[in-house]
Structures are given as structure tokens and as C-alpha cells.
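Structure first, then comments.
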Amino acid sequence: MYIKLRFFIRIRRFIRSQAGKSYCTNEPAMAEKAAAVLLDEKEDNGSEELLVDVKAEGDEEEAERLSVDDGLLSTLQRSVKELHFGGSEEKERAAVAIKRLASGCLQTRRSLAQLGVIPPLVAMLVSKFSGHRISALQALIEIGNGNYTNKALMVEAGILPKLSEVLQREHDQPGKQELATLLLSLSTIADAQGSMASTSIMLFLINMLDPEVADEKTMETCLESLYNISTVLDNSEALVCNGAVPILMKLLSEKAYAERSLAILGNLVVTVAGKNAIESEPMVPDKLIEVISWDTKPKSQELAAYILMILAHKSSFQRDKMAEAGIVPALLELSLLGSPLAQKRALRILHWFKEEKVTRTAPHSGPQMGELVYPGSPLTVKEMNEGRRAIRKMVQESLHKNMESIMKRAKSDCSNAPDASKMKGLAISTSSKSLPY
């Protein structure tokens, strides 16, 4: 009886706090009628009943609208009571009804949270019945949709330990898509990101990045959640320890997942643990060099160039490894045909290669002229322009040398000098190739 009294006091307080507010079309009428429906307290001994009459004035359409509001309020009353005080089947039915109500209006989601539906829904996540868990998941997804406060209330209600407990059960998990959607919603909360990285939730998200385990939509949802978690640099070690880097590198083979995978790797590469894990990966740098040649994916090119730039910075070993993998021709192409940001990053890496070559070939004794430039030093605008002009000049010289070699071969193969038309056709039909940098 004491629990019911607290419940009705909370409802009365909510109705008073909502007086004079209107956030959606039907909310004023619902606020007025909530007193008539939710404050109907009936005692078993036949005590007095508190009834508030609401009179509808207007035409038939207004009366019909108010009748619809009566139905919604009746459903709201029944669902909240069943969720708090009902049995097993009643709670599942209430969760389904709350999901339907929460999908309508933002103010309805706020009202449901203020009526205290979040804690019992969170408690249903560890139910032994899969139907209860899925119904609770779907209801919580709708309640948290577009409402930061409701998500924070879920975290305060202990939803993350409950989800971690559910994920630890073998062969007894709720719907993967619903769970992934709820985790994505919670990953936008700063207070939840650290907890998600230190529990079995992280392992679940990484394991879902497998086409044999999850469908495309679930994989994209898990990638978004991991990206939100990776924005906190303290979570990089947890991502590395759970084997995120090898799986993300494999996903680079699929253009549908490459952009978000590169974004996560870009967040990891700026940390010590993440950079060491990426450097030790066998597919680096070959897979990243392959990505920067994707002309139809400029964002992926920019992200791959960024990761390569971080790896090459002040690391001659990584630059040698990239040179052996053939990165210079790919960077030359990117510096001429890529987006402005990709061109800037490609030119910076090429500048480091050029500086390193000059440093290695410079004399080791005697007076040195000019300023000493260290590989990996930042570029000025003047240096970037000079580097761009040098690359263009190098490409033109390469084309000119290729043309001269073609002409020499043509003259040596022909006993008589060919006429001008044949020579012109030979020059046009021959493709030119750039010399290595």
C-alpha cells in the first residue's frame, strides 16, 4: 500500500509540474485529463473517489479528438500500473504498450520517464524470458530516442551492468539488432563510454563486426558505437586489448565499412597503444596504400592519408616500409587528383621522403650550407607550394624522357625514317609512365 501511495504522489506531482506547458498537439488535453484518469484512487473499503470532470466544448471533430486522448490516457494509466505492480505477462504487455506510446512524441517520452517507467524496464532486461527482454529493449530504445535526459536516467538505473550480465550468458542473448541499437544510443553519453569500454559490452560490439555473425545494419550500428567509444582516448587500450585493430583492418576490404573503420583507427593511432598495434599489423601499410587509390571515396582517402602521415612522422623505419610497398606513386597521384585535404597530407608525406633522401645523401664532413631540416618537421605554405611545383616538374620531366626513349626505339627499329603521320600516331598511341620518385 505504501508503494502505491508513493506512485500516486509521484503522478500528482508530475501533473502539477506540467500545468501550462504544451509540447505537442494533443498534450494540453492529455495534461488536463491526466487528473481524471491517473488520480482515480479507489480503496477496497469503498472510500471516496477523486474524480475530475473534463468537459469538451466544440464540434464533432474536437469531441473525436478528445475521445482519442481518453484512449491514450487510459492506455498510459493501465500500462504504468501494470509495469509497476503487474505480473510477468502484464509487464511484458505494458512494455509493448509503452514502446508504442513513446514512439509518438518527445513530450510523451519525457512524461513516461517522469512516471518512473525506466527502472522497471531496466530490471526486465535480466528476465529469464526472452520476450520480456526484447520488449524492454524496444521500449527503452523508443524512450531514449532524441532525449539525453532519459538516456542519463537509464545509466543511473544501472542499465550497463544489466546488459553486461545478459551478454555473459551463452546462447541466451536478446535480439542482436535491438541490443546494438540501444548500445549506440547509450554510447553518446559521456558517462557511459568509459563503462562500456571496461565491460563485456566492448567485446560484444567487436564480435558483431563479422558478416557471418551479424547482418549489414547491425555491423554499421556497432561500428558507430565503437567510434563513439574511441573518441575517448582512455578507451584505446581496451579497444586494442579486445582485438579491434585486426578486425577493423579486415573491414577495409569492404568499401561499405571502410570509412567508419578508418575513423576509428584514426582515433586509435594518436595514442601509444593504438599506434603500436597498428604498426605491428601485417596489413599495414599495404591496405592503407590501397585505400588512398580509391577515387570514388574521397573521405576514405583523407582518413587513410591521415593514418599514414601519423605513422610516417619521425619514423624512418615506417617510411622505408611504405617505400617498399610502393607508396610514392600512390601519393603522387593523390597529390594531383585527391581532395584538397588529401593533397595536403600526401604532399607532407612526400616532403618527408624528400628530406630523408637529402639527409642520407648529404656529406658528413665539411661546412654545411643552409638550414638543417629534420624529417617530419611541419611545412610552411611556401614549402608546400615549392613541393607542389617540384612534383609537377618531375612528372613533366618523366613524360619527356619517356617520349625520348620511345622516339629512339622507333628510329632504331625502322631502317628508314618513318613519315610524320606515322610518328605522330606512334606518339599518340603510346602511354607514358612516370619515373619512380
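Following the order of the C-alpha cells, chains are lettered A, B, ..., residues in each are numbered from 1, and ligands are numbered from 1.
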
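The residue set within 7 Å of region 288-296 of chain A, counting only C-alpha atoms and dropping same-chain residues fewer than 6 places from it, reads Ala304, Ala305, Ile327 and Ala330 of chain A.
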
**OP:** Please provide as a PyMOL selection string all residues within 9 Å of Pro161 (chain A), with the sequence filter that same-chain residues fewer than 5 positions apart are discarded (counting only C-alpha atoms).
**Re:** chain A and resi 166+195+199

Write the residues you've just listed into a file as a PDB file, in the first residue's frame, and include all heavy atoms for each of them.
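As written to disk, part_36.pdb reads:
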```
ATOM      1  N   VAL A 166      23.639  -9.787 -19.147  1.00  0.00           N
ATOM      2  CA  VAL A 166      22.926 -10.522 -20.191  1.00  0.00           C
ATOM      3  C   VAL A 166      23.910 -11.066 -21.226  1.00  0.00           C
ATOM      4  O   VAL A 166      23.783 -12.213 -21.688  1.00  0.00           O
ATOM      5  CB  VAL A 166      21.882  -9.609 -20.861  1.00  0.00           C
ATOM      6  CG1 VAL A 166      21.272 -10.284 -22.074  1.00  0.00           C
ATOM      7  CG2 VAL A 166      20.794  -9.252 -19.862  1.00  0.00           C
ATOM      8  N   SER A 195      32.390   3.138 -19.052  1.00  0.00           N
ATOM      9  CA  SER A 195      31.856   1.873 -18.531  1.00  0.00           C
ATOM     10  C   SER A 195      31.687   0.838 -19.638  1.00  0.00           C
ATOM     11  O   SER A 195      31.914  -0.351 -19.424  1.00  0.00           O
ATOM     12  CB  SER A 195      30.511   2.123 -17.839  1.00  0.00           C
ATOM     13  OG  SER A 195      30.653   3.032 -16.763  1.00  0.00           O
ATOM     14  N   THR A 199      33.668  -3.367 -19.861  1.00  0.00           N
ATOM     15  CA  THR A 199      32.776  -4.498 -19.623  1.00  0.00           C
ATOM     16  C   THR A 199      32.732  -5.395 -20.857  1.00  0.00           C
ATOM     17  O   THR A 199      33.417  -5.152 -21.855  1.00  0.00           O
ATOM     18  CB  THR A 199      31.355  -4.001 -19.286  1.00  0.00           C
ATOM     19  OG1 THR A 199      30.852  -3.236 -20.397  1.00  0.00           O
ATOM     20  CG2 THR A 199      31.365  -3.113 -18.054  1.00  0.00           C
TER      21      THR A 199
END
```

Subject >> Distance query region 312-317 of chain A at most 12 Å, only C-alpha atoms, self and fewer than 4 positions along chain excluded, as a ChimeraX atom specification >> reply: /A:269-270,275,279,284-285,305-308,321-324,327,345-346,348-353,355-357,359-360,374-378

Report as CSV the residues of region 140-210 of chain A within 10 Å of region 241-257 of chain A, each with its shortest atom pair and distance in Å (one decimal), using only C-alpha atoms, ordered by chain and increasing residue number.
```
residue,atom,partner,partner_atom,distance
A:Ala197,CA,A:Asn242,CA,9.7
A:Ser200,CA,A:Asn242,CA,9.8
A:Met202,CA,A:Asn242,CA,7.6
A:Leu203,CA,A:Asn242,CA,6.3
A:Phe204,CA,A:Asn242,CA,9.9
A:Leu205,CA,A:Ala244,CA,9.5
A:Ile206,CA,A:Ala244,CA,6.3
A:Asn207,CA,A:Ile247,CA,8.9
A:Leu209,CA,A:Ile247,CA,7.3
A:Asp210,CA,A:Ile247,CA,8.3
```

Just N, CA, C and O atoms for this one: save the residues we selected as a PDB file, in the first residue's frame.
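So part_6.pdb came out as:
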```
ATOM      1  N   ALA A 197      33.545   0.518 -22.205  1.00  0.00           N
ATOM      2  CA  ALA A 197      34.861   0.018 -22.613  1.00  0.00           C
ATOM      3  C   ALA A 197      35.424  -0.998 -21.637  1.00  0.00           C
ATOM      4  O   ALA A 197      36.301  -1.787 -22.007  1.00  0.00           O
ATOM      5  N   SER A 200      31.909  -6.431 -20.775  1.00  0.00           N
ATOM      6  CA  SER A 200      31.759  -7.344 -21.912  1.00  0.00           C
ATOM      7  C   SER A 200      31.015  -6.694 -23.075  1.00  0.00           C
ATOM      8  O   SER A 200      30.910  -7.298 -24.148  1.00  0.00           O
ATOM      9  N   MET A 202      32.028  -4.134 -24.775  1.00  0.00           N
ATOM     10  CA  MET A 202      33.041  -3.870 -25.791  1.00  0.00           C
ATOM     11  C   MET A 202      33.302  -5.107 -26.641  1.00  0.00           C
ATOM     12  O   MET A 202      33.359  -5.042 -27.878  1.00  0.00           O
ATOM     13  N   LEU A 203      33.448  -6.250 -25.986  1.00  0.00           N
ATOM     14  CA  LEU A 203      33.706  -7.499 -26.710  1.00  0.00           C
ATOM     15  C   LEU A 203      32.526  -7.860 -27.606  1.00  0.00           C
ATOM     16  O   LEU A 203      32.709  -8.367 -28.717  1.00  0.00           O
ATOM     17  N   PHE A 204      31.313  -7.603 -27.136  1.00  0.00           N
ATOM     18  CA  PHE A 204      30.134  -7.879 -27.954  1.00  0.00           C
ATOM     19  C   PHE A 204      30.140  -7.026 -29.223  1.00  0.00           C
ATOM     20  O   PHE A 204      29.885  -7.522 -30.327  1.00  0.00           O
ATOM     21  N   LEU A 205      30.442  -5.742 -29.081  1.00  0.00           N
ATOM     22  CA  LEU A 205      30.454  -4.856 -30.245  1.00  0.00           C
ATOM     23  C   LEU A 205      31.510  -5.278 -31.258  1.00  0.00           C
ATOM     24  O   LEU A 205      31.274  -5.220 -32.479  1.00  0.00           O
ATOM     25  N   ILE A 206      32.669  -5.702 -30.781  1.00  0.00           N
ATOM     26  CA  ILE A 206      33.733  -6.117 -31.700  1.00  0.00           C
ATOM     27  C   ILE A 206      33.382  -7.433 -32.377  1.00  0.00           C
ATOM     28  O   ILE A 206      33.620  -7.617 -33.582  1.00  0.00           O
ATOM     29  N   ASN A 207      32.810  -8.363 -31.626  1.00  0.00           N
ATOM     30  CA  ASN A 207      32.433  -9.646 -32.218  1.00  0.00           C
ATOM     31  C   ASN A 207      31.324  -9.517 -33.255  1.00  0.00           C
ATOM     32  O   ASN A 207      31.201 -10.367 -34.148  1.00  0.00           O
ATOM     33  N   LEU A 209      31.275  -7.423 -35.543  1.00  0.00           N
ATOM     34  CA  LEU A 209      31.851  -6.948 -36.804  1.00  0.00           C
ATOM     35  C   LEU A 209      32.283  -8.114 -37.677  1.00  0.00           C
ATOM     36  O   LEU A 209      33.373  -8.123 -38.261  1.00  0.00           O
ATOM     37  N   ASP A 210      31.432  -9.087 -37.781  1.00  0.00           N
ATOM     38  CA  ASP A 210      31.698 -10.295 -38.571  1.00  0.00           C
ATOM     39  C   ASP A 210      30.474 -10.578 -39.434  1.00  0.00           C
ATOM     40  O   ASP A 210      29.378 -10.771 -38.900  1.00  0.00           O
TER      41      ASP A 210
END
```

**OP:** Would you please give, as a PyMOL selection string, all residues of region 207-419 of chain A that DSSP assigns to helix (DSSP H, G or I) based on the backbone?
**Re:** chain A and resi 207+216-230+233-241+244-251+255-268+272-279+286-291+298-312+316-324+327-337+340-361+381-413

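The two atoms in question, CA of Lys176 (chain A) and CA of Leu137 (chain A), are spaced 10.4 Å apart.
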